[in-house]
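Source file: start33.pdb. Holds: PDB, C-alpha atoms and all ligand atoms.
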```pdb
ATOM      1  CA  MET A   1       8.095  -0.119 -35.184
ATOM      2  CA  ALA A   2       5.406  -1.130 -32.687
ATOM      3  CA  PHE A   3       6.634  -2.113 -29.262
ATOM      4  CA  ASP A   4       6.903  -5.909 -29.079
ATOM      5  CA  TYR A   5       5.729  -6.413 -25.492
ATOM      6  CA  GLU A   6       4.995 -10.092 -26.065
ATOM      7  CA  GLN A   7       8.700 -10.881 -25.788
ATOM      8  CA  TYR A   8       8.410  -9.985 -22.098
ATOM      9  CA  LEU A   9       5.334 -12.084 -21.337
ATOM     10  CA  ARG A  10       5.607 -15.441 -19.629
ATOM     11  CA  PRO A  11       4.399 -18.063 -22.123
ATOM     12  CA  GLY A  12       1.013 -19.580 -21.376
ATOM     13  CA  LYS A  13       0.086 -17.267 -18.478
ATOM     14  CA  LEU A  14      -2.442 -15.028 -20.216
ATOM     15  CA  PRO A  15      -5.286 -14.187 -20.055
ATOM     16  CA  HIS A  16      -4.767 -12.323 -16.791
ATOM     17  CA  ILE A  17      -7.260 -12.347 -13.934
ATOM     18  CA  TRP A  18      -7.884  -8.604 -13.871
ATOM     19  CA  CYS A  19     -11.488  -7.430 -14.278
ATOM     20  CA  PRO A  20     -12.623  -5.788 -17.522
ATOM     21  CA  GLY A  21     -11.758  -2.096 -17.273
ATOM     22  CA  CYS A  22      -9.173  -2.496 -14.512
ATOM     23  CA  GLY A  23      -6.260  -0.104 -15.051
ATOM     24  CA  HIS A  24      -3.597  -2.630 -14.080
ATOM     25  CA  GLY A  25      -3.043  -3.797 -17.662
ATOM     26  CA  ILE A  26      -2.336  -0.229 -18.774
ATOM     27  CA  VAL A  27       0.242   0.159 -16.026
ATOM     28  CA  MET A  28       1.819  -3.215 -16.823
ATOM     29  CA  LYS A  29       2.268  -2.298 -20.465
ATOM     30  CA  GLY A  30       3.789   1.047 -19.443
ATOM     31  CA  LEU A  31       6.150  -0.773 -17.120
ATOM     32  CA  LEU A  32       7.267  -3.179 -19.867
ATOM     33  CA  ARG A  33       7.743  -0.301 -22.285
ATOM     34  CA  ALA A  34       9.918   1.511 -19.724
ATOM     35  CA  MET A  35      11.988  -1.613 -19.078
ATOM     36  CA  ASP A  36      12.453  -2.041 -22.809
ATOM     37  CA  THR A  37      13.458   1.619 -23.224
ATOM     38  CA  CYS A  38      16.049   1.253 -20.477
ATOM     39  CA  GLY A  39      17.355  -1.990 -21.980
ATOM     40  CA  LEU A  40      16.850  -4.104 -18.870
ATOM     41  CA  GLU A  41      18.078  -7.672 -19.319
ATOM     42  CA  LYS A  42      15.604 -10.395 -18.418
ATOM     43  CA  ASN A  43      18.201 -12.423 -16.560
ATOM     44  CA  ASN A  44      19.513  -9.431 -14.649
ATOM     45  CA  THR A  45      16.130  -8.108 -13.509
ATOM     46  CA  ALA A  46      13.980  -9.106 -10.547
ATOM     47  CA  ILE A  47      10.348  -8.058 -10.091
ATOM     48  CA  VAL A  48       8.960  -8.548  -6.609
ATOM     49  CA  SER A  49       5.396  -8.268  -5.336
ATOM     50  CA  GLY A  50       3.323  -8.907  -2.241
ATOM     51  CA  ILE A  51      -0.366  -9.814  -2.342
ATOM     52  CA  GLY A  52      -3.244  -8.198  -4.207
ATOM     53  CA  CYS A  53      -4.522  -7.683  -7.711
ATOM     54  CA  ALA A  54      -1.517  -5.617  -8.824
ATOM     55  CA  SER A  55       0.771  -8.111  -7.116
ATOM     56  CA  ARG A  56      -0.283 -10.743  -9.651
ATOM     57  CA  LEU A  57       1.726  -8.901 -12.312
ATOM     58  CA  PRO A  58       5.003 -10.818 -11.835
ATOM     59  CA  GLY A  59       3.179 -14.017 -12.751
ATOM     60  CA  TYR A  60       2.595 -12.702 -16.267
ATOM     61  CA  VAL A  61       6.088 -11.507 -17.140
ATOM     62  CA  ASP A  62       9.242 -13.338 -18.114
ATOM     63  CA  PHE A  63      11.807 -11.952 -15.658
ATOM     64  CA  ASN A  64      13.127 -13.282 -12.361
ATOM     65  CA  THR A  65      10.016 -12.859 -10.245
ATOM     66  CA  LEU A  66       9.015 -13.289  -6.645
ATOM     67  CA  HIS A  67       5.426 -13.273  -5.389
ATOM     68  CA  THR A  68       5.765 -12.912  -1.643
ATOM     69  CA  ALA A  69       3.742 -12.321   1.535
ATOM     70  CA  HIS A  70       1.234  -9.491   1.946
ATOM     71  CA  GLY A  71       3.043  -6.178   2.407
ATOM     72  CA  ARG A  72       6.520  -7.682   2.419
ATOM     73  CA  ALA A  73       7.655  -7.025  -1.152
ATOM     74  CA  ALA A  74      10.026  -4.160  -0.263
ATOM     75  CA  ALA A  75      11.715  -6.331   2.379
ATOM     76  CA  PHE A  76      12.257  -9.217  -0.059
ATOM     77  CA  ALA A  77      13.459  -6.779  -2.721
ATOM     78  CA  THR A  78      15.929  -5.287  -0.228
ATOM     79  CA  GLY A  79      17.359  -8.759   0.358
ATOM     80  CA  ILE A  80      17.742  -9.401  -3.374
ATOM     81  CA  LYS A  81      19.427  -6.065  -3.973
ATOM     82  CA  LEU A  82      21.875  -6.506  -1.091
ATOM     83  CA  ALA A  83      22.763 -10.023  -2.224
ATOM     84  CA  LYS A  84      22.958  -9.084  -5.928
ATOM     85  CA  PRO A  85      23.640  -5.326  -6.168
ATOM     86  CA  GLU A  86      24.281  -5.650  -9.901
ATOM     87  CA  MET A  87      20.642  -6.646 -10.543
ATOM     88  CA  ASP A  88      17.865  -4.251 -11.487
ATOM     89  CA  VAL A  89      15.215  -4.720  -8.808
ATOM     90  CA  LEU A  90      11.604  -3.579  -9.110
ATOM     91  CA  VAL A  91       8.631  -3.827  -6.779
ATOM     92  CA  VAL A  92       5.029  -3.717  -7.974
ATOM     93  CA  GLY A  93       1.932  -3.654  -5.806
ATOM     94  CA  GLY A  94      -1.116  -1.838  -4.601
ATOM     95  CA  ASP A  95      -1.910   0.749  -1.958
ATOM     96  CA  GLY A  96      -3.221  -1.683   0.645
ATOM     97  CA  ASP A  97      -0.214  -3.951   0.192
ATOM     98  CA  GLY A  98       2.336  -1.142  -0.034
ATOM     99  CA  VAL A  99       1.414   1.522   2.476
ATOM    100  CA  ALA A 100      -0.961  -0.221   4.899
ATOM    101  CA  ILE A 101       0.189  -3.776   5.577
ATOM    102  CA  GLY A 102       3.611  -3.011   4.088
ATOM    103  CA  GLY A 103       3.843   0.587   5.271
ATOM    104  CA  ASN A 104       6.761  -0.066   7.565
ATOM    105  CA  HIS A 105       8.821  -1.800   4.884
ATOM    106  CA  PHE A 106       7.937   0.929   2.401
ATOM    107  CA  ILE A 107       9.103   3.854   4.542
ATOM    108  CA  HIS A 108      12.330   2.142   5.535
ATOM    109  CA  ALA A 109      13.207   1.240   1.953
ATOM    110  CA  CYS A 110      12.714   4.942   1.198
ATOM    111  CA  ARG A 111      14.802   5.979   4.220
ATOM    112  CA  ARG A 112      17.693   3.717   3.237
ATOM    113  CA  ASN A 113      17.660   4.960  -0.349
ATOM    114  CA  ILE A 114      18.251   1.469  -1.662
ATOM    115  CA  ASP A 115      18.476   1.338  -5.464
ATOM    116  CA  MET A 116      15.124  -0.122  -6.478
ATOM    117  CA  THR A 117      12.105   1.055  -8.445
ATOM    118  CA  TYR A 118       8.755   0.734  -6.695
ATOM    119  CA  VAL A 119       5.673   1.077  -8.933
ATOM    120  CA  LEU A 120       2.724   1.591  -6.615
ATOM    121  CA  PHE A 121      -0.749   1.080  -8.120
ATOM    122  CA  ASN A 122      -2.995   3.342  -6.037
ATOM    123  CA  ASN A 123      -6.630   2.469  -6.728
ATOM    124  CA  TYR A 124      -7.855   3.637  -3.295
ATOM    125  CA  ILE A 125      -9.001   0.199  -2.127
ATOM    126  CA  TYR A 126      -8.066  -3.362  -1.263
ATOM    127  CA  GLY A 127      -9.346  -4.924  -4.494
ATOM    128  CA  MET A 128      -8.563  -8.620  -4.316
ATOM    129  CA  THR A 129      -9.143  -9.199  -0.627
ATOM    130  CA  GLY A 130     -12.720  -7.933  -0.566
ATOM    131  CA  GLY A 131     -12.998  -4.184  -1.132
ATOM    132  CA  GLN A 132     -11.878  -3.079   2.336
ATOM    133  CA  PHE A 133     -10.853   0.562   2.779
ATOM    134  CA  SER A 134      -7.140   1.325   2.614
ATOM    135  CA  PRO A 135      -5.186   4.366   3.854
ATOM    136  CA  CYS A 136      -5.733   5.788   0.345
ATOM    137  CA  THR A 137      -9.528   5.481   0.272
ATOM    138  CA  PRO A 138     -10.903   9.037   0.000
ATOM    139  CA  THR A 139     -12.581  10.425   3.100
ATOM    140  CA  GLY A 140     -16.303   9.773   2.825
ATOM    141  CA  ALA A 141     -15.934   7.026   0.199
ATOM    142  CA  LYS A 142     -17.566   3.643   0.578
ATOM    143  CA  ALA A 143     -15.753   0.356   0.973
ATOM    144  CA  SER A 144     -16.923  -3.030   2.218
ATOM    145  CA  THR A 145     -15.667  -2.036   5.673
ATOM    146  CA  THR A 146     -16.917   1.578   5.508
ATOM    147  CA  PRO A 147     -20.480   1.156   4.186
ATOM    148  CA  TYR A 148     -21.494   4.528   5.690
ATOM    149  CA  GLY A 149     -18.466   6.365   4.333
ATOM    150  CA  ASN A 150     -14.798   6.365   5.287
ATOM    151  CA  PRO A 151     -14.109   8.696   8.252
ATOM    152  CA  ASP A 152     -10.308   8.527   7.904
ATOM    153  CA  PRO A 153      -7.985  11.120   6.363
ATOM    154  CA  VAL A 154      -6.029   9.957   3.302
ATOM    155  CA  PHE A 155      -2.369   9.075   2.902
ATOM    156  CA  ASP A 156      -0.579  11.005   0.162
ATOM    157  CA  ILE A 157       1.779   8.228  -0.987
ATOM    158  CA  SER A 158       4.130  10.494  -2.904
ATOM    159  CA  LYS A 159       4.496  12.900   0.031
ATOM    160  CA  LEU A 160       4.997   9.930   2.329
ATOM    161  CA  ALA A 161       7.800   8.627   0.085
ATOM    162  CA  ILE A 162       9.480  12.037  -0.092
ATOM    163  CA  GLY A 163       9.199  12.514   3.668
ATOM    164  CA  ALA A 164      10.619   9.048   4.301
ATOM    165  CA  GLY A 165      13.668   9.763   2.142
ATOM    166  CA  ALA A 166      13.046   8.366  -1.358
ATOM    167  CA  THR A 167      15.308  10.235  -3.781
ATOM    168  CA  PHE A 168      13.031   9.938  -6.841
ATOM    169  CA  VAL A 169       9.279  10.312  -6.528
ATOM    170  CA  ALA A 170       6.831  10.706  -9.412
ATOM    171  CA  ARG A 171       3.097  10.369  -9.928
ATOM    172  CA  THR A 172       0.816   9.801 -12.871
ATOM    173  CA  THR A 173      -2.486   8.043 -13.574
ATOM    174  CA  ALA A 174      -3.752   5.090 -15.587
ATOM    175  CA  PHE A 175      -5.385   7.610 -17.936
ATOM    176  CA  HIS A 176      -1.990   9.107 -18.806
ATOM    177  CA  ALA A 177      -0.718   5.923 -20.446
ATOM    178  CA  THR A 178       2.222   7.476 -22.276
ATOM    179  CA  GLN A 179       3.443   9.274 -19.160
ATOM    180  CA  ILE A 180       3.590   6.021 -17.183
ATOM    181  CA  ASP A 181       6.521   4.583 -19.099
ATOM    182  CA  LYS A 182       8.418   7.885 -19.187
ATOM    183  CA  LEU A 183       8.246   8.253 -15.414
ATOM    184  CA  ILE A 184       9.074   4.604 -14.733
ATOM    185  CA  ALA A 185      12.012   4.856 -17.148
ATOM    186  CA  ALA A 186      13.250   7.968 -15.298
ATOM    187  CA  GLY A 187      12.889   6.054 -12.039
ATOM    188  CA  LEU A 188      14.823   3.086 -13.429
ATOM    189  CA  ARG A 189      17.661   5.377 -14.501
ATOM    190  CA  HIS A 190      17.808   7.053 -11.101
ATOM    191  CA  LYS A 191      20.351   5.657  -8.627
ATOM    192  CA  GLY A 192      18.498   5.190  -5.346
ATOM    193  CA  MET A 193      14.955   4.544  -4.146
ATOM    194  CA  SER A 194      12.474   5.479  -6.875
ATOM    195  CA  VAL A 195       8.753   5.529  -6.216
ATOM    196  CA  ILE A 196       6.283   5.927  -9.082
ATOM    197  CA  GLU A 197       2.727   6.261  -7.812
ATOM    198  CA  VAL A 198       0.111   5.495 -10.466
ATOM    199  CA  LEU A 199      -3.452   6.503  -9.620
ATOM    200  CA  ASP A 200      -5.451   3.636 -11.002
ATOM    201  CA  ASP A 201      -9.078   2.621 -11.484
ATOM    202  CA  CYS A 202     -10.775  -0.331  -9.830
ATOM    203  CA  PRO A 203     -14.298  -0.492 -11.247
ATOM    204  CA  THR A 204     -15.194  -3.632  -9.299
ATOM    205  CA  ALA A 205     -14.305  -3.021  -5.658
ATOM    206  CA  TYR A 206     -14.232   0.794  -5.661
ATOM    207  CA  GLY A 207     -16.119   2.209  -8.635
ATOM    208  CA  ARG A 208     -19.405   0.397  -8.188
ATOM    209  CA  ARG A 209     -19.646   1.312  -4.517
ATOM    210  CA  ASN A 210     -18.899   4.945  -5.200
ATOM    211  CA  LYS A 211     -21.424   5.740  -7.906
ATOM    212  CA  PHE A 212     -19.124   5.637 -10.901
ATOM    213  CA  ARG A 213     -21.449   4.550 -13.699
ATOM    214  CA  SER A 214     -18.662   3.173 -15.861
ATOM    215  CA  VAL A 215     -14.936   2.763 -16.322
ATOM    216  CA  VAL A 216     -15.104   5.770 -18.638
ATOM    217  CA  ASP A 217     -16.323   7.889 -15.702
ATOM    218  CA  MET A 218     -13.398   6.682 -13.619
ATOM    219  CA  MET A 219     -10.925   7.484 -16.371
ATOM    220  CA  LYS A 220     -12.472  10.928 -16.843
ATOM    221  CA  GLN A 221     -11.987  11.632 -13.169
ATOM    222  CA  LEU A 222      -8.328  10.591 -13.332
ATOM    223  CA  LYS A 223      -7.900  12.907 -16.295
ATOM    224  CA  GLU A 224      -9.602  15.812 -14.547
ATOM    225  CA  ILE A 225      -7.828  15.670 -11.191
ATOM    226  CA  ALA A 226      -4.304  15.427 -12.624
ATOM    227  CA  VAL A 227      -2.302  18.654 -12.859
ATOM    228  CA  PRO A 228       1.296  18.605 -14.143
ATOM    229  CA  VAL A 229       3.692  20.117 -11.590
ATOM    230  CA  LYS A 230       4.797  22.845 -13.997
ATOM    231  CA  ALA A 231       1.212  23.971 -14.611
ATOM    232  CA  ALA A 232       0.493  23.908 -10.873
ATOM    233  CA  ALA A 233       3.120  26.590 -10.312
ATOM    234  CA  HIS A 234       0.793  29.057 -12.070
ATOM    235  CA  MET A 235      -2.388  28.042 -10.252
ATOM    236  CA  THR A 236      -3.977  29.398  -7.079
ATOM    237  CA  PRO A 237      -4.681  27.219  -4.007
ATOM    238  CA  GLU A 238      -8.379  27.451  -4.911
ATOM    239  CA  GLN A 239      -7.710  26.159  -8.428
ATOM    240  CA  LEU A 240      -5.655  23.289  -6.993
ATOM    241  CA  GLU A 241      -8.368  22.188  -4.584
ATOM    242  CA  GLY A 242      -9.153  18.511  -5.223
ATOM    243  CA  LYS A 243      -6.335  18.137  -7.768
ATOM    244  CA  VAL A 244      -3.241  15.937  -7.606
ATOM    245  CA  LEU A 245       0.154  16.908  -8.947
ATOM    246  CA  THR A 246       1.661  14.674 -11.628
ATOM    247  CA  GLY A 247       5.131  14.333 -13.107
ATOM    248  CA  ILE A 248       8.450  14.175 -11.256
ATOM    249  CA  LEU A 249       7.680  15.544  -7.799
ATOM    250  CA  HIS A 250      11.087  15.081  -6.219
ATOM    251  CA  GLN A 251      14.601  14.105  -7.268
ATOM    252  CA  GLU A 252      17.870  14.389  -5.370
ATOM    253  CA  GLU A 253      21.243  12.677  -5.196
ATOM    254  CA  ARG A 254      22.113  10.905  -1.964
ATOM    255  CA  PRO A 255      24.419   7.952  -1.170
ATOM    256  CA  GLU A 256      22.844   4.659  -2.174
ATOM    257  CA  TYR A 257      22.418   1.955   0.450
ATOM    258  CA  CYS A 258      24.163  -1.013  -1.221
ATOM    259  CA  GLU A 259      27.269   1.062  -1.886
ATOM    260  CA  GLN A 260      27.359   2.202   1.726
ATOM    261  CA  TYR A 261      26.854  -1.373   2.847
ATOM    262  CA  GLN A 262      29.832  -2.485   0.757
ATOM    263  CA  GLN A 263      31.946   0.029   2.693
ATOM    264  CA  VAL A 264      30.743  -1.512   5.951
ATOM    265  CA  ILE A 265      31.742  -4.973   4.680
ATOM    266  CA  ALA A 266      35.146  -3.667   3.601
ATOM    267  CA  SER A 267      35.678  -2.075   7.034
ATOM    268  CA  ALA A 268      34.675  -5.297   8.789
ATOM    269  CA  GLN A 269      37.200  -7.189   6.634
ATOM    270  CA  GLY A 270      39.908  -4.683   7.533
ATOM    271  CA  ALA A 271      40.285  -3.373   4.008
TER     272      ALA A 271
HETATM  273 FE1  LIG B   1      -8.699  -4.542 -10.886
HETATM  274 FE2  LIG B   1     -10.336  -3.974  -8.868
HETATM  275 FE3  LIG B   1     -10.793  -6.138 -10.377
HETATM  276 FE4  LIG B   1      -8.712  -6.051  -8.704
HETATM  277  S1  LIG B   1     -10.899  -6.005  -8.116
HETATM  278  S2  LIG B   1      -8.670  -6.787 -10.834
HETATM  279  S3  LIG B   1      -8.091  -3.900  -8.810
HETATM  280  S4  LIG B   1     -10.879  -3.993 -11.038
HETATM  281 MG    MG B   2      -5.512  -1.152  -4.036
END
```
Could you show the structure in this file as structure tokens?
Ligand code: SF4
Ligand code: MG
Amino acid sequence: MAFDYEQYLRPGKLPHIWCPGCGHGIVMKGLLRAMDTCGLEKNNTAIVSGIGCASRLPGYVDFNTLHTAHGRAAAFATGIKLAKPEMDVLVVGGDGDGVAIGGNHFIHACRRNIDMTYVLFNNYIYGMTGGQFSPCTPTGAKASTTPYGNPDPVFDISKLAIGAGATFVARTTAFHATQIDKLIAAGLRHKGMSVIEVLDDCPTAYGRRNKFRSVVDMMKQLKEIAVPVKAAAHMTPEQLEGKVLTGILHQEERPEYCEQYQQVIASAQGA
């Protein structure tokens, strides 16, 4: 039977504001499919976002949702999870929101290993706020604030998450639609901080400035750069030049933050 995603949509909120060809809709459908697969209850689930195109997602779905300040989604989500540890808590947002303005909150949520699932839409640009370069804009690429090419090196979000202490880190792309829900579902099942980075296309703020002739070109590039981790094990450094690894990049078991915090509360109460 076809997946009935409409049951998860907030009545009367579509059509969405995303540009034609934007990958965000693909990621949203993958997210809903993963939540359905994992049997998440609407009333027991919170989806939190900051500001940006991807951060508009909670407005379209029928869960407990919170659309917060720019970069602060992980902090709000931490508060929800500590107050209601029994809830499933997700964060959605973009690269500018998540690892530039919200970089500090992101790394500390990873360090604490709090049990939430963070789906990070990495489209290499600040889309909604005017096409400024983000820490994920490729070196040499054009943005509204780097019209002569970006001189900065690029953040690898997945490596950042692993280094900061996230216990589940995975990456895929908007081209790999059926992998999105599998990885998000694996992240939802994992106890601890789960980060799923989805390389995404933004034809409006990024593609046009960087000589992509169409959305199809952007999707082709996402297809071509992605290498599954298992396949990468058999490739040379030269063959991996310019590629990104996809799949589950890291998974470990480590004490989860809310459970540790409950022990602190019990100690303080003399239990
Ligand atoms: Fe998507 Fe880019 Fe348009 Fe934002 S500006 S909706 S990220 S295509
Ligand atoms: Mg972005």
The PyMOL selection byres (((chain A and resi 9) around 12) and not hetatm) applied to the shown file, residues as a VMD selection string:
chain A and resid 4 to 8 10 to 16 28 to 29 32 42 57 to 64
May I have the selected residues written with C-alpha atoms, as a PDB file, in the frame of the given file?
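What landed in result31.pdb:
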```pdb
ATOM      1  CA  ASP A   4       6.903  -5.909 -29.079  1.00  0.00           C
ATOM      2  CA  TYR A   5       5.729  -6.413 -25.492  1.00  0.00           C
ATOM      3  CA  GLU A   6       4.995 -10.092 -26.065  1.00  0.00           C
ATOM      4  CA  GLN A   7       8.700 -10.881 -25.788  1.00  0.00           C
ATOM      5  CA  TYR A   8       8.410  -9.985 -22.098  1.00  0.00           C
ATOM      6  CA  ARG A  10       5.607 -15.441 -19.629  1.00  0.00           C
ATOM      7  CA  PRO A  11       4.399 -18.063 -22.123  1.00  0.00           C
ATOM      8  CA  GLY A  12       1.013 -19.580 -21.376  1.00  0.00           C
ATOM      9  CA  LYS A  13       0.086 -17.267 -18.478  1.00  0.00           C
ATOM     10  CA  LEU A  14      -2.442 -15.028 -20.216  1.00  0.00           C
ATOM     11  CA  PRO A  15      -5.286 -14.187 -20.055  1.00  0.00           C
ATOM     12  CA  HIS A  16      -4.767 -12.323 -16.791  1.00  0.00           C
ATOM     13  CA  MET A  28       1.819  -3.215 -16.823  1.00  0.00           C
ATOM     14  CA  LYS A  29       2.268  -2.298 -20.465  1.00  0.00           C
ATOM     15  CA  LEU A  32       7.267  -3.179 -19.867  1.00  0.00           C
ATOM     16  CA  LYS A  42      15.604 -10.395 -18.418  1.00  0.00           C
ATOM     17  CA  LEU A  57       1.726  -8.901 -12.312  1.00  0.00           C
ATOM     18  CA  PRO A  58       5.003 -10.818 -11.835  1.00  0.00           C
ATOM     19  CA  GLY A  59       3.179 -14.017 -12.751  1.00  0.00           C
ATOM     20  CA  TYR A  60       2.595 -12.702 -16.267  1.00  0.00           C
ATOM     21  CA  VAL A  61       6.088 -11.507 -17.140  1.00  0.00           C
ATOM     22  CA  ASP A  62       9.242 -13.338 -18.114  1.00  0.00           C
ATOM     23  CA  PHE A  63      11.807 -11.952 -15.658  1.00  0.00           C
ATOM     24  CA  ASN A  64      13.127 -13.282 -12.361  1.00  0.00           C
TER      25      ASN A  64
END
```
Residues in the PyMOL selection byres (((not hetatm)) within 12 of (chain B and resi 1)), expressed as a count of residues only
51
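Counting all atoms listed in the file, the residue from A:Thr167, A:Ser134, A:Ser194, A:Ser158 that sits nearest to ligand MG 2 (chain B) is A:Ser134.
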Report the distance between atom CA of A:Met87 and atom CA of A:Ile47 in Å, rounded to one decimal place.
10.4 Å
Expand the PyMOL selection byres (((chain A and resi 75) around 12) and not hetatm) into the explicit residue set it covers here, and present it as a PyMOL selection string.
chain A and resi 48-50+66+68-74+76-82+89-91+98+102-110+112+114+116+118
Work out how far atom CA of A:Arg213 is from atom CA of A:Gly149, in Å to one decimal.
18.4 Å
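One distance worth recording is that between atom CA of A:Ile180 and atom CA of A:Arg111, which is 24.2 Å.
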Please determine, counting all atoms listed in the file, which residue among A:Pro135, A:Pro237, A:Gly140, A:Pro85 has the shortest atom-to-atom distance to ligand MG 2 (chain B).
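Once distances to ligand MG 2 (chain B) are computed over all atoms listed in the file, the minimum belongs to A:Pro135.
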Kindly indicate which residue among A:Thr117, A:Asn43, A:Thr173, A:Gln239 lies nearest to A:Met219, using all atoms listed in the file for the distances.
A:Thr173
Nearest residue to ligand MG 2 (chain B) from the set A:Asn44, A:Thr137, A:Thr65, A:Gln262 (distances using all atoms listed in the file):
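So, comparing all the options, the nearest one is A:Thr137.
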Proximity to ligand MG 2 (chain B) - best of A:Leu240, A:Pro151, A:Glu197, A:Arg33, all atoms listed in the file
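Using all atoms listed in the file, ligand MG 2 (chain B) sits closest to A:Glu197.
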With distances taken over only C-alpha atoms and all ligand atoms, which of A:Thr45, A:Leu160, A:Leu40, A:Val99 is nearest to ligand MG 2 (chain B)?
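Between A:Thr45, A:Leu160, A:Leu40, A:Val99, the residue approaching ligand MG 2 (chain B) most closely is A:Val99.
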To test the calculation: enclose all listed atoms of stretch 49-52 of chain A in a box whose edges run along x, y and z, add 5 Å on each side, then state centre and edge lengths in Å to one decimal, as JSON.
```
{"center_x": 1.1, "center_y": -9.0, "center_z": -3.8, "size_x": 18.6, "size_y": 11.6, "size_z": 13.1}
```
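For stretch 244-260 of chain A, the non-local neighbours within 6 Å, defined as residues at least 5 positions apart in the same chain or in other chains and counting only C-alpha atoms, are Leu82, Arg112, Asn113, Ile114, Thr167, Phe168, Val169, Ala170, Arg171, Thr172, Gly192, Ile225, Ala226, Val227, Pro228 and Val229 of chain A.
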Selected residues written out with C-alpha atoms, as a compact mmCIF listing (two decimals), in the frame of the given file:
```
# COMPACT_ATOMS: atom_id res chain seq x y z
CA LEU A 82 21.88 -6.51 -1.09
CA ARG A 112 17.69 3.72 3.24
CA ASN A 113 17.66 4.96 -0.35
CA ILE A 114 18.25 1.47 -1.66
CA THR A 167 15.31 10.24 -3.78
CA PHE A 168 13.03 9.94 -6.84
CA VAL A 169 9.28 10.31 -6.53
CA ALA A 170 6.83 10.71 -9.41
CA ARG A 171 3.10 10.37 -9.93
CA THR A 172 0.82 9.80 -12.87
CA GLY A 192 18.50 5.19 -5.35
CA ILE A 225 -7.83 15.67 -11.19
CA ALA A 226 -4.30 15.43 -12.62
CA VAL A 227 -2.30 18.65 -12.86
CA PRO A 228 1.30 18.60 -14.14
CA VAL A 229 3.69 20.12 -11.59
```
